[in-house]
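So this block is work_9.cif, mmCIF, C-alpha atoms:
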data_start
#
loop_
_atom_site.group_PDB
_atom_site.id
_atom_site.type_symbol
_atom_site.label_atom_id
_atom_site.label_comp_id
_atom_site.auth_asym_id
_atom_site.auth_seq_id
_atom_site.Cartn_x
_atom_site.Cartn_y
_atom_site.Cartn_z
ATOM 1 C CA MET I 1 -20.449 11.809 -1.915
ATOM 2 C CA SER I 2 -18.162 9.475 0.004
ATOM 3 C CA THR I 3 -14.917 10.880 1.349
ATOM 4 C CA ASP I 4 -12.886 8.087 -0.253
ATOM 5 C CA PHE I 5 -14.482 8.654 -3.647
ATOM 6 C CA GLN I 6 -13.804 12.380 -3.478
ATOM 7 C CA ALA I 7 -10.232 11.796 -2.348
ATOM 8 C CA GLY I 8 -9.734 9.532 -5.353
ATOM 9 C CA ARG I 9 -11.192 12.124 -7.680
ATOM 10 C CA VAL I 10 -8.889 14.806 -6.267
ATOM 11 C CA ALA I 11 -5.908 12.484 -6.735
ATOM 12 C CA LEU I 12 -6.882 11.894 -10.366
ATOM 13 C CA GLY I 13 -7.188 15.646 -10.885
ATOM 14 C CA ALA I 14 -3.743 16.168 -9.383
ATOM 15 C CA ARG I 15 -2.294 13.661 -11.835
ATOM 16 C CA LEU I 16 -3.907 15.504 -14.748
ATOM 17 C CA ARG I 17 -2.403 18.761 -13.479
ATOM 18 C CA GLU I 18 1.021 17.105 -13.282
ATOM 19 C CA LEU I 19 0.797 15.961 -16.892
ATOM 20 C CA ARG I 20 -0.217 19.454 -17.985
ATOM 21 C CA THR I 21 2.608 21.196 -16.161
ATOM 22 C CA GLU I 22 5.147 18.622 -17.333
ATOM 23 C CA ALA I 23 4.089 19.516 -20.891
ATOM 24 C CA GLY I 24 4.746 23.187 -20.154
ATOM 25 C CA LEU I 25 1.101 24.162 -20.587
ATOM 26 C CA ASN I 26 -1.090 26.426 -18.514
ATOM 27 C CA GLY I 27 -4.800 25.876 -18.015
ATOM 28 C CA LYS I 28 -5.848 28.140 -20.868
ATOM 29 C CA GLU I 29 -3.476 26.490 -23.328
ATOM 30 C CA ILE I 30 -4.575 22.931 -22.659
ATOM 31 C CA ALA I 31 -8.224 24.029 -22.778
ATOM 32 C CA GLU I 32 -7.591 25.485 -26.252
ATOM 33 C CA ARG I 33 -5.912 22.266 -27.421
ATOM 34 C CA LEU I 34 -8.852 20.248 -26.159
ATOM 35 C CA GLY I 35 -11.533 22.639 -27.368
ATOM 36 C CA TRP I 36 -12.956 22.858 -23.855
ATOM 37 C CA GLN I 37 -14.028 25.696 -21.623
ATOM 38 C CA ARG I 38 -11.307 26.735 -19.181
ATOM 39 C CA SER I 39 -13.745 26.019 -16.354
ATOM 40 C CA LYS I 40 -13.876 22.305 -17.270
ATOM 41 C CA VAL I 41 -10.084 22.046 -17.011
ATOM 42 C CA SER I 42 -10.264 23.673 -13.581
ATOM 43 C CA ARG I 43 -13.067 21.379 -12.364
ATOM 44 C CA LEU I 44 -11.211 18.252 -13.455
ATOM 45 C CA GLU I 45 -7.916 19.324 -11.908
ATOM 46 C CA THR I 46 -9.495 20.242 -8.573
ATOM 47 C CA GLY I 47 -11.599 17.089 -8.344
ATOM 48 C CA LYS I 48 -14.915 18.918 -8.642
ATOM 49 C CA GLN I 49 -15.903 16.937 -11.728
ATOM 50 C CA THR I 50 -15.316 13.299 -12.646
ATOM 51 C CA ALA I 51 -13.476 12.813 -15.947
ATOM 52 C CA THR I 52 -14.805 10.376 -18.538
ATOM 53 C CA ALA I 53 -12.574 7.834 -20.272
ATOM 54 C CA ASP I 54 -12.715 10.003 -23.410
ATOM 55 C CA ASP I 55 -11.675 13.056 -21.368
ATOM 56 C CA LEU I 56 -8.618 11.206 -20.099
ATOM 57 C CA GLU I 57 -7.617 9.975 -23.553
ATOM 58 C CA ALA I 58 -7.897 13.503 -24.935
ATOM 59 C CA TRP I 59 -5.964 15.002 -22.021
ATOM 60 C CA ALA I 60 -3.087 12.557 -22.396
ATOM 61 C CA ALA I 61 -2.881 13.311 -26.124
ATOM 62 C CA ALA I 62 -3.045 17.084 -25.599
ATOM 63 C CA ALA I 63 -0.233 16.860 -23.036
ATOM 64 C CA GLY I 64 1.873 14.709 -25.342
ATOM 65 C CA ALA I 65 1.675 11.888 -22.818
ATOM 66 C CA GLU I 66 -0.241 9.196 -24.712
ATOM 67 C CA VAL I 67 1.681 6.505 -22.827
ATOM 68 C CA GLU I 68 -0.062 7.662 -19.626
ATOM 69 C CA ALA I 69 -3.566 7.077 -21.024
ATOM 70 C CA ALA I 70 -3.763 3.471 -19.813
ATOM 71 C CA ASP I 71 -2.787 4.474 -16.271
ATOM 72 C CA LEU I 72 -5.376 7.262 -16.264
ATOM 73 C CA ARG I 73 -8.085 4.853 -17.413
ATOM 74 C CA SER I 74 -7.068 2.410 -14.690
ATOM 75 C CA ARG I 75 -7.345 5.155 -12.090
ATOM 76 C CA LEU I 76 -10.808 6.024 -13.366
ATOM 77 C CA ARG I 77 -11.977 2.392 -13.223
ATOM 78 C CA GLY I 78 -10.716 2.146 -9.664
ATOM 79 C CA LEU I 79 -12.498 5.385 -8.800
ATOM 80 C CA GLU I 80 -15.789 4.290 -10.327
ATOM 81 C CA SER I 81 -15.793 0.824 -8.777
ATOM 82 C CA GLN I 82 -13.938 1.493 -5.546
ATOM 83 C CA GLN I 83 -16.901 1.367 -3.174
ATOM 84 C CA ARG I 84 -20.195 -0.438 -3.342
ATOM 85 C CA SER I 85 -22.343 0.114 -0.276
ATOM 86 C CA TRP I 86 -23.753 -3.101 1.164
ATOM 87 C CA ARG I 87 -26.937 -1.275 2.104
ATOM 88 C CA ARG I 88 -27.483 -0.358 -1.537
ATOM 89 C CA GLN I 89 -26.475 -3.794 -2.869
ATOM 90 C CA LEU I 90 -28.702 -5.627 -0.382
ATOM 91 C CA SER I 91 -31.721 -3.344 -0.745
ATOM 92 C CA THR I 92 -33.615 -6.090 -2.608
ATOM 93 C CA GLY I 93 -32.073 -9.036 -0.770
ATOM 94 C CA HIS I 94 -28.949 -11.191 -0.829
ATOM 95 C CA ARG I 95 -29.636 -13.369 -3.851
ATOM 96 C CA GLY I 96 -28.472 -10.769 -6.379
ATOM 97 C CA VAL I 97 -25.120 -10.337 -4.646
ATOM 98 C CA GLN I 98 -24.560 -14.101 -4.560
ATOM 99 C CA GLU I 99 -25.451 -14.432 -8.247
ATOM 100 C CA LYS I 100 -22.997 -11.661 -9.066
ATOM 101 C CA TYR I 101 -20.247 -13.713 -7.442
ATOM 102 C CA VAL I 102 -21.305 -16.828 -9.365
ATOM 103 C CA ALA I 103 -20.691 -14.925 -12.605
ATOM 104 C CA GLU I 104 -17.460 -13.432 -11.305
ATOM 105 C CA TYR I 105 -15.965 -16.785 -10.342
ATOM 106 C CA ARG I 106 -16.996 -18.350 -13.637
ATOM 107 C CA ALA I 107 -15.120 -15.579 -15.467
ATOM 108 C CA THR I 108 -11.947 -16.150 -13.416
ATOM 109 C CA SER I 109 -9.278 -18.815 -13.782
ATOM 110 C CA THR I 110 -6.997 -18.100 -10.813
ATOM 111 C CA VAL I 111 -8.248 -16.961 -7.407
ATOM 112 C CA ARG I 112 -6.196 -16.221 -4.322
ATOM 113 C CA GLY I 113 -8.081 -15.518 -1.133
ATOM 114 C CA TYR I 114 -7.515 -14.830 2.518
ATOM 115 C CA GLU I 115 -10.072 -14.878 5.335
ATOM 116 C CA ALA I 116 -9.413 -14.052 8.967
ATOM 117 C CA THR I 117 -12.843 -14.417 10.582
ATOM 118 C CA VAL I 118 -15.049 -16.751 8.569
ATOM 119 C CA ILE I 119 -14.926 -19.911 6.484
ATOM 120 C CA PRO I 120 -14.887 -18.661 2.863
ATOM 121 C CA GLY I 121 -18.138 -18.804 0.903
ATOM 122 C CA LEU I 122 -16.527 -21.133 -1.642
ATOM 123 C CA PHE I 123 -16.214 -23.778 1.079
ATOM 124 C CA GLN I 124 -19.374 -23.217 3.134
ATOM 125 C CA THR I 125 -22.056 -25.788 3.832
ATOM 126 C CA PRO I 126 -25.668 -24.679 3.240
ATOM 127 C CA ASP I 127 -26.416 -24.607 6.984
ATOM 128 C CA TYR I 128 -23.329 -22.540 7.837
ATOM 129 C CA ALA I 129 -24.077 -20.128 4.970
ATOM 130 C CA ARG I 130 -27.698 -19.861 6.092
ATOM 131 C CA HIS I 131 -26.714 -18.673 9.566
ATOM 132 C CA LEU I 132 -24.263 -16.121 8.174
ATOM 133 C CA LEU I 133 -26.849 -14.721 5.775
ATOM 134 C CA VAL I 134 -29.505 -14.441 8.469
ATOM 135 C CA HIS I 135 -27.070 -12.644 10.793
ATOM 136 C CA ASN I 136 -26.116 -10.255 7.998
ATOM 137 C CA ALA I 137 -29.722 -9.554 7.050
ATOM 138 C CA ASP I 138 -30.432 -8.676 10.686
ATOM 139 C CA LEU I 139 -27.407 -6.407 10.839
ATOM 140 C CA MET I 140 -28.098 -4.611 7.547
ATOM 141 C CA ASP I 141 -31.899 -4.630 7.990
ATOM 142 C CA SER I 142 -32.156 -6.065 4.469
ATOM 143 C CA PRO I 143 -34.866 -8.304 2.956
ATOM 144 C CA ARG I 144 -34.644 -11.960 3.920
ATOM 145 C CA ASP I 145 -34.399 -14.039 0.776
ATOM 146 C CA THR I 146 -32.252 -16.498 2.676
ATOM 147 C CA GLU I 147 -33.017 -19.732 0.836
ATOM 148 C CA ALA I 148 -32.532 -18.167 -2.600
ATOM 149 C CA ALA I 149 -29.262 -16.619 -1.408
ATOM 150 C CA VAL I 150 -28.032 -19.940 0.023
ATOM 151 C CA SER I 151 -28.840 -21.670 -3.260
ATOM 152 C CA ALA I 152 -26.887 -19.052 -5.223
ATOM 153 C CA ARG I 153 -23.916 -19.337 -2.851
ATOM 154 C CA MET I 154 -23.871 -23.095 -3.331
ATOM 155 C CA LYS I 155 -24.034 -22.544 -7.107
ATOM 156 C CA ARG I 156 -20.801 -20.580 -6.829
ATOM 157 C CA GLN I 157 -19.036 -23.683 -5.520
ATOM 158 C CA GLU I 158 -19.480 -25.548 -8.814
ATOM 159 C CA VAL I 159 -16.313 -23.849 -10.102
ATOM 160 C CA LEU I 160 -14.264 -25.833 -7.578
ATOM 161 C CA TYR I 161 -14.764 -28.965 -9.679
ATOM 162 C CA GLU I 162 -13.997 -27.472 -13.089
ATOM 163 C CA THR I 163 -10.650 -28.239 -14.696
ATOM 164 C CA GLY I 164 -8.369 -25.387 -15.610
ATOM 165 C CA ARG I 165 -9.136 -23.410 -12.459
ATOM 166 C CA SER I 166 -7.013 -22.728 -9.390
ATOM 167 C CA PHE I 167 -8.168 -21.620 -5.930
ATOM 168 C CA SER I 168 -5.445 -20.868 -3.382
ATOM 169 C CA VAL I 169 -7.024 -19.860 -0.088
ATOM 170 C CA LEU I 170 -5.504 -18.936 3.262
ATOM 171 C CA ILE I 171 -7.542 -19.030 6.478
ATOM 172 C CA TRP I 172 -6.522 -17.636 9.865
ATOM 173 C CA GLU I 173 -6.949 -20.412 12.427
ATOM 174 C CA GLY I 174 -9.175 -18.180 14.523
ATOM 175 C CA ALA I 175 -11.889 -18.495 11.866
ATOM 176 C CA LEU I 176 -12.067 -22.224 12.618
ATOM 177 C CA HIS I 177 -13.039 -21.419 16.197
ATOM 178 C CA ALA I 178 -15.559 -18.629 15.478
ATOM 179 C CA VAL I 179 -18.803 -20.441 16.303
ATOM 180 C CA ILE I 180 -21.508 -18.279 14.722
ATOM 181 C CA CYS I 181 -23.953 -21.183 14.416
ATOM 182 C CA PRO I 182 -24.980 -24.251 16.418
ATOM 183 C CA LYS I 183 -22.032 -26.479 17.248
ATOM 184 C CA GLU I 184 -23.381 -29.322 15.125
ATOM 185 C CA VAL I 185 -23.486 -27.015 12.106
ATOM 186 C CA MET I 186 -19.955 -25.825 12.815
ATOM 187 C CA ALA I 187 -18.714 -29.412 13.108
ATOM 188 C CA ALA I 188 -20.199 -30.251 9.707
ATOM 189 C CA GLN I 189 -18.595 -27.127 8.280
ATOM 190 C CA LEU I 190 -15.174 -28.117 9.574
ATOM 191 C CA ASP I 191 -15.660 -31.607 8.138
ATOM 192 C CA ARG I 192 -16.482 -30.053 4.782
ATOM 193 C CA LEU I 193 -13.352 -27.895 4.912
ATOM 194 C CA ALA I 194 -11.140 -30.851 5.781
ATOM 195 C CA GLY I 195 -12.668 -32.844 2.945
ATOM 196 C CA LEU I 196 -11.623 -30.239 0.376
ATOM 197 C CA ILE I 197 -7.943 -30.580 1.212
ATOM 198 C CA GLY I 198 -6.397 -32.539 -1.611
ATOM 199 C CA LEU I 199 -8.912 -31.476 -4.265
ATOM 200 C CA SER I 200 -6.888 -30.870 -7.432
ATOM 201 C CA THR I 201 -8.181 -27.337 -8.028
ATOM 202 C CA VAL I 202 -7.980 -26.217 -4.401
ATOM 203 C CA SER I 203 -5.095 -25.316 -2.113
ATOM 204 C CA ILE I 204 -6.052 -24.553 1.501
ATOM 205 C CA GLY I 205 -3.494 -23.123 3.881
ATOM 206 C CA ILE I 206 -4.150 -22.464 7.571
ATOM 207 C CA LEU I 207 -2.314 -19.696 9.419
ATOM 208 C CA PRO I 208 -1.807 -21.164 12.915
ATOM 209 C CA LEU I 209 -2.493 -19.179 16.060
ATOM 210 C CA GLY I 210 0.813 -18.353 17.682
ATOM 211 C CA ALA I 211 2.809 -18.815 14.481
ATOM 212 C CA SER I 212 5.593 -16.366 13.722
ATOM 213 C CA LEU I 213 4.298 -14.243 10.843
ATOM 214 C CA PRO I 214 5.954 -11.696 8.531
ATOM 215 C CA LEU I 215 3.031 -9.292 9.079
ATOM 216 C CA THR I 216 -0.223 -9.081 11.030
ATOM 217 C CA PRO I 217 -3.183 -11.151 9.781
ATOM 218 C CA LYS I 218 -5.004 -8.125 8.242
ATOM 219 C CA HIS I 219 -8.537 -8.289 6.837
ATOM 220 C CA GLY I 220 -9.912 -10.733 4.309
ATOM 221 C CA PHE I 221 -9.457 -10.114 0.594
ATOM 222 C CA TRP I 222 -9.731 -11.914 -2.753
ATOM 223 C CA ILE I 223 -7.517 -11.519 -5.823
ATOM 224 C CA PHE I 224 -9.047 -12.423 -9.188
ATOM 225 C CA ASP I 225 -6.635 -13.342 -12.009
ATOM 226 C CA ASP I 226 -4.142 -10.809 -10.599
ATOM 227 C CA ARG I 227 -6.343 -8.126 -12.185
ATOM 228 C CA ARG I 228 -8.522 -6.934 -9.341
ATOM 229 C CA VAL I 229 -8.926 -7.248 -5.585
ATOM 230 C CA VAL I 230 -12.243 -7.490 -3.727
ATOM 231 C CA VAL I 231 -12.311 -6.517 -0.058
ATOM 232 C CA GLU I 232 -15.452 -6.839 2.054
ATOM 233 C CA ILE I 233 -15.767 -4.615 5.105
ATOM 234 C CA ILE I 234 -18.815 -4.194 7.329
ATOM 235 C CA SER I 235 -20.470 -1.373 5.399
ATOM 236 C CA THR I 236 -18.900 -1.595 1.968
ATOM 237 C CA GLU I 237 -17.450 -3.795 -0.738
ATOM 238 C CA LEU I 238 -14.222 -2.401 -2.185
ATOM 239 C CA ARG I 239 -13.081 -3.305 -5.696
ATOM 240 C CA LEU I 240 -9.510 -2.301 -6.447
ATOM 241 C CA GLU I 241 -8.128 -2.542 -9.973
ATOM 242 C CA SER I 242 -5.048 -0.351 -10.130
ATOM 243 C CA SER I 243 -1.838 -2.263 -10.764
ATOM 244 C CA HIS I 244 -0.381 -0.823 -7.551
ATOM 245 C CA ASP I 245 -3.253 -2.104 -5.391
ATOM 246 C CA VAL I 246 -3.250 -5.550 -7.002
ATOM 247 C CA SER I 247 0.527 -5.823 -6.582
ATOM 248 C CA LEU I 248 0.319 -4.753 -2.939
ATOM 249 C CA TYR I 249 -2.364 -7.294 -2.043
ATOM 250 C CA ARG I 250 -0.510 -10.016 -3.903
ATOM 251 C CA LYS I 251 2.589 -9.174 -1.838
ATOM 252 C CA VAL I 252 0.530 -9.427 1.368
ATOM 253 C CA TRP I 253 -0.910 -12.783 0.247
ATOM 254 C CA ASP I 254 2.550 -14.147 -0.572
ATOM 255 C CA ARG I 255 3.896 -13.119 2.813
ATOM 256 C CA LEU I 256 0.961 -14.605 4.702
ATOM 257 C CA ASP I 257 1.369 -17.784 2.682
ATOM 258 C CA LYS I 258 4.883 -18.201 4.090
ATOM 259 C CA GLY I 259 3.371 -18.655 7.542
ATOM 260 C CA ALA I 260 0.637 -21.079 6.462
ATOM 261 C CA VAL I 261 0.571 -24.857 6.885
ATOM 262 C CA TYR I 262 -0.897 -27.321 4.409
ATOM 263 C CA GLY I 263 -1.878 -30.965 4.056
ATOM 264 C CA PRO I 264 -1.718 -33.118 7.211
ATOM 265 C CA HIS I 265 -0.762 -30.157 9.412
ATOM 266 C CA ALA I 266 -3.789 -28.181 8.183
ATOM 267 C CA HIS I 267 -5.946 -31.264 8.800
ATOM 268 C CA ARG I 268 -4.713 -31.390 12.383
ATOM 269 C CA LEU I 269 -5.613 -27.744 13.022
ATOM 270 C CA ILE I 270 -9.099 -28.282 11.621
ATOM 271 C CA GLY I 271 -9.432 -31.413 13.741
ATOM 272 C CA ARG I 272 -8.336 -29.475 16.831
ATOM 273 C CA ALA I 273 -11.038 -26.872 16.214
ATOM 274 C CA ARG I 274 -13.631 -29.611 15.783
ATOM 275 C CA ALA I 275 -12.571 -31.320 19.001
ATOM 276 C CA ALA I 276 -12.863 -28.008 20.838
ATOM 277 C CA LEU I 277 -16.601 -27.972 20.036
ATOM 278 C CA ASP I 278 -16.967 -30.754 22.632
ATOM 279 C CA LEU I 279 -20.039 -32.348 21.060
ATOM 280 C CA ALA I 280 -19.972 -35.397 23.357
#
What would the structure in this file look like if it were written as structure tokens?
Amino acid sequence: MSTDFQAGRVALGARLRELRTEAGLNGKEIAERLGWQRSKVSRLETGKQTATADDLEAWAAAAGAEVEAADLRSRLRGLESQQRSWRRQLSTGHRGVQEKYVAEYRATSTVRGYEATVIPGLFQTPDYARHLLVHNADLMDSPRDTEAAVSARMKRQEVLYETGRSFSVLIWEGALHAVICPKEVMAAQLDRLAGLIGLSTVSIGILPLGASLPLTPKHGFWIFDDRRVVVEIISTELRLESSHDVSLYRKVWDRLDKGAVYGPHAHRLIGRARAALDLA
């Protein structure tokens, strides 16, 4: 069991214990109210057993804290979905992961994203995406279904042209200079990015190198409808749904946004990165 998962389970158990003690109940008394064995109460409070949604509802009611039920359920959802190992997700190839994102974006109206090291998948050309997927397959030793995965990633981009959607994306300027593919492919990718500026559904901000920022650039993350945050790290995909986590990442996005440039200034930074490729 992952350390983070267990830590989350222990934290949930501690919250259950707090609700019990605030109600003036000992372990035996709440077990009697719930009709459970005393051992189950102990396992839940010490993080040795994962509560179900029904367990949490019953606990909140038994402790006279029904108003806390929603928070407990949110904690459980965060615990259950907090980590998704890339090795497990990619065990049959990359296409399934890309198709999952197609569905996720179609079910979302407002997306805020930030990337520090790569051009976001929503804006990638097929050739740029192909090189990234091949590199990742090599790293993760996962099956190479590259063309199917590229096709699915391009399918995701259809949402950019649908009315009623909003995509506000920040990119650290360093990502424009990270040449992880042939220079010609990178040049085409930068042209594609520049061409999206001005699209009615898309807002692209560039965080300039050397700009004065309210905080450090951090890692990439994506906020979906202000309901959940997706963070991709090397080994794992994190999905955070607690109101505290969503609020924190939204605060980080807002602060980074204050240091970003848009429109003609963003165009100039993209043009500078393209010129640095020195294709002549």
message: Would you pick out the contacts of Ser212 (chain I) at 10 Å or less, using all atoms listed in the file, so that residues sharing its chain but fewer than 4 positions from it are not included, and give the list as a VMD selection string?
response: chain I and resid 207 to 208 216 258 to 260
task: Would you translate the PyMOL selection byres ((chain I and resi 215) around 12) into the concrete set of residues it matches in this file, as JSON, numbers by chain?
output: {"I": [207, 211, 212, 213, 214, 216, 217, 218, 219, 251, 252, 253, 254, 255, 256, 257, 258, 259]}
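When the PyMOL selection byres ((chain I and resi 101-104) around 9) is evaluated against the file, it yields Gly96, Val97, Gln98, Glu99, Lys100, Tyr105, Arg106, Ala107, Thr108, Ala152, Arg153, Lys155, Arg156, Gln157, Glu158, Val159 and Phe224 of chain I.
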query: What residues come out when you apply the PyMOL selection byres ((chain I and resi 47) around 9) to this file, written as a VMD selection string?
result: chain I and resid 6 to 14 42 to 46 48 to 51
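With CA of Ser235 (chain I) on one side and CA of Thr125 (chain I) on the other, the separation reads 24.5 Å.
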task: Between I:Leu190, I:Leu16, I:Ala175, I:Val41, single out the one closest to Lys28 (chain I), counting all atoms listed in the file.
output: I:Val41
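Nearest to Asp278 (chain I) of all the residues I:Ala187, I:Ile197, I:Ile234, I:Val246 is I:Ala187, based on all atoms listed in the file.
Comparing the minimum interatomic distances between Glu115 (chain I) and each of I:Trp36, I:Arg227, I:Gly220, I:Ser243, counting all atoms listed in the file, we find that I:Gly220 sits nearest.
Between Ile119 (chain I) and the residues I:Asp226, I:Asp191, I:Glu68, I:Asp55, the shortest atom-to-atom distance, using only C-alpha atoms, involves I:Asp191.
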query: Near Arg228 (chain I), counting all atoms listed in the file, which residues have an atom at most 12 Å away, once you skip same-chain residues fewer than 6 positions from it, shown as a ChimeraX atom specification?
result: /I:74,77-78,81-82,104,108,110-113,221-222,238-250
Counting only C-alpha atoms, what are the residues of region 50-127 of chain I within 12 Å of region 19-25 of chain I, and for each of them which pair of atoms is the nearest and at what distance in Å, to one decimal? Sort the table by chain and rising number, as a tab-separated table.
residue	atom	partner	partner_atom	distance
I:Leu56	CA	I:Leu19	CA	11.0
I:Ala58	CA	I:Arg20	CA	11.9
I:Trp59	CA	I:Arg20	CA	8.3
I:Ala60	CA	I:Leu19	CA	7.5
I:Ala61	CA	I:Leu19	CA	10.3
I:Ala62	CA	I:Arg20	CA	8.5
I:Ala63	CA	I:Ala23	CA	5.5
I:Gly64	CA	I:Ala23	CA	6.9
I:Ala65	CA	I:Leu19	CA	7.2
I:Glu66	CA	I:Leu19	CA	10.4
I:Val67	CA	I:Leu19	CA	11.2
I:Glu68	CA	I:Leu19	CA	8.8
I:Ala69	CA	I:Leu19	CA	10.7
I:Leu72	CA	I:Leu19	CA	10.7
Write out the residues from the selection above, keeping C-alpha atoms, as a compact mmCIF listing (two decimals), in the frame of the given file.
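Generated output (part-v1.txt):
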# COMPACT_ATOMS: atom_id res chain seq x y z
CA LEU I 56 -8.62 11.21 -20.10
CA ALA I 58 -7.90 13.50 -24.94
CA TRP I 59 -5.96 15.00 -22.02
CA ALA I 60 -3.09 12.56 -22.40
CA ALA I 61 -2.88 13.31 -26.12
CA ALA I 62 -3.04 17.08 -25.60
CA ALA I 63 -0.23 16.86 -23.04
CA GLY I 64 1.87 14.71 -25.34
CA ALA I 65 1.68 11.89 -22.82
CA GLU I 66 -0.24 9.20 -24.71
CA VAL I 67 1.68 6.50 -22.83
CA GLU I 68 -0.06 7.66 -19.63
CA ALA I 69 -3.57 7.08 -21.02
CA LEU I 72 -5.38 7.26 -16.26
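Going from CA of Ser203 (chain I) over to CA of Ala129 (chain I), you cover 20.9 Å.
Using only C-alpha atoms for every distance, the candidate list I:Arg15, I:Thr92, I:Glu29, I:Cys181 yields I:Arg15 as the residue closest to Arg75 (chain I).
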task: Counting all atoms listed in the file, figure out which residue out of I:Ser142, I:Gln37, I:Ser200, I:Gln189 gets nearest to Gln124 (chain I).
output: I:Gln189
field: Ile180 (chain I) environment, 9 Å, only C-alpha atoms, sequence neighbours closer than 4 positions dropped, as a VMD selection string
entry: chain I and resid 128 131 to 132 135 186
Output file for the residues above (C-alpha atoms, as a tab-separated table (two decimals), keeping the file's coordinate frame):
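out-v5.tsv was written with the following content:
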chain	number	residue	atom	x	y	z
I	128	TYR	CA	-23.33	-22.54	7.84
I	131	HIS	CA	-26.71	-18.67	9.57
I	132	LEU	CA	-24.26	-16.12	8.17
I	135	HIS	CA	-27.07	-12.64	10.79
I	186	MET	CA	-19.95	-25.82	12.82
statement: Taken to one decimal, the CA of Ile223 (chain I)-CA of Gly210 (chain I) distance is 25.9 Å
Kindly extract all protein, DNA and RNA residues lying within 8 Å of the coordinates (-17.7, -25.9, 0.4) given in the file, considering all atoms listed in the file, and supply them as a compact mmCIF listing (two decimals) with C-alpha atoms, keeping the file's coordinate frame.
# COMPACT_ATOMS: atom_id res chain seq x y z
CA GLY I 121 -18.14 -18.80 0.90
CA LEU I 122 -16.53 -21.13 -1.64
CA PHE I 123 -16.21 -23.78 1.08
CA GLN I 124 -19.37 -23.22 3.13
CA THR I 125 -22.06 -25.79 3.83
CA MET I 154 -23.87 -23.10 -3.33
CA GLN I 157 -19.04 -23.68 -5.52
CA ARG I 192 -16.48 -30.05 4.78
CA LEU I 193 -13.35 -27.90 4.91
CA LEU I 196 -11.62 -30.24 0.38
Could I get region 201-226 of chain I from the block written as a PDB file, in the first residue's frame, with C-alpha atoms?
ATOM      1  CA  THR I 201     -12.454  29.512 -26.348  1.00  0.00           C
ATOM      2  CA  VAL I 202      -8.746  29.660 -25.523  1.00  0.00           C
ATOM      3  CA  SER I 203      -6.649  31.985 -23.386  1.00  0.00           C
ATOM      4  CA  ILE I 204      -2.889  31.335 -23.471  1.00  0.00           C
ATOM      5  CA  GLY I 205      -0.598  33.126 -21.063  1.00  0.00           C
ATOM      6  CA  ILE I 206       3.192  32.796 -21.083  1.00  0.00           C
ATOM      7  CA  LEU I 207       5.208  33.209 -17.887  1.00  0.00           C
ATOM      8  CA  PRO I 208       8.410  34.923 -19.086  1.00  0.00           C
ATOM      9  CA  LEU I 209      11.844  33.805 -17.963  1.00  0.00           C
ATOM     10  CA  GLY I 210      13.235  36.422 -15.626  1.00  0.00           C
ATOM     11  CA  ALA I 211       9.823  37.857 -14.765  1.00  0.00           C
ATOM     12  CA  SER I 212       9.132  38.836 -11.174  1.00  0.00           C
ATOM     13  CA  LEU I 213       6.702  36.215  -9.873  1.00  0.00           C
ATOM     14  CA  PRO I 214       4.602  35.954  -6.695  1.00  0.00           C
ATOM     15  CA  LEU I 215       5.747  32.336  -6.231  1.00  0.00           C
ATOM     16  CA  THR I 216       8.014  29.776  -7.887  1.00  0.00           C
ATOM     17  CA  PRO I 217       6.792  28.147 -11.122  1.00  0.00           C
ATOM     18  CA  LYS I 218       5.856  24.822  -9.417  1.00  0.00           C
ATOM     19  CA  HIS I 219       4.790  21.708 -11.326  1.00  0.00           C
ATOM     20  CA  GLY I 220       2.103  21.414 -13.962  1.00  0.00           C
ATOM     21  CA  PHE I 221      -1.523  20.914 -12.962  1.00  0.00           C
ATOM     22  CA  TRP I 222      -5.038  21.096 -14.421  1.00  0.00           C
ATOM     23  CA  ILE I 223      -8.227  22.295 -12.726  1.00  0.00           C
ATOM     24  CA  PHE I 224     -11.519  20.953 -14.085  1.00  0.00           C
ATOM     25  CA  ASP I 225     -14.657  23.033 -13.416  1.00  0.00           C
ATOM     26  CA  ASP I 226     -13.170  24.054 -10.045  1.00  0.00           C
TER      27      ASP I 226
END
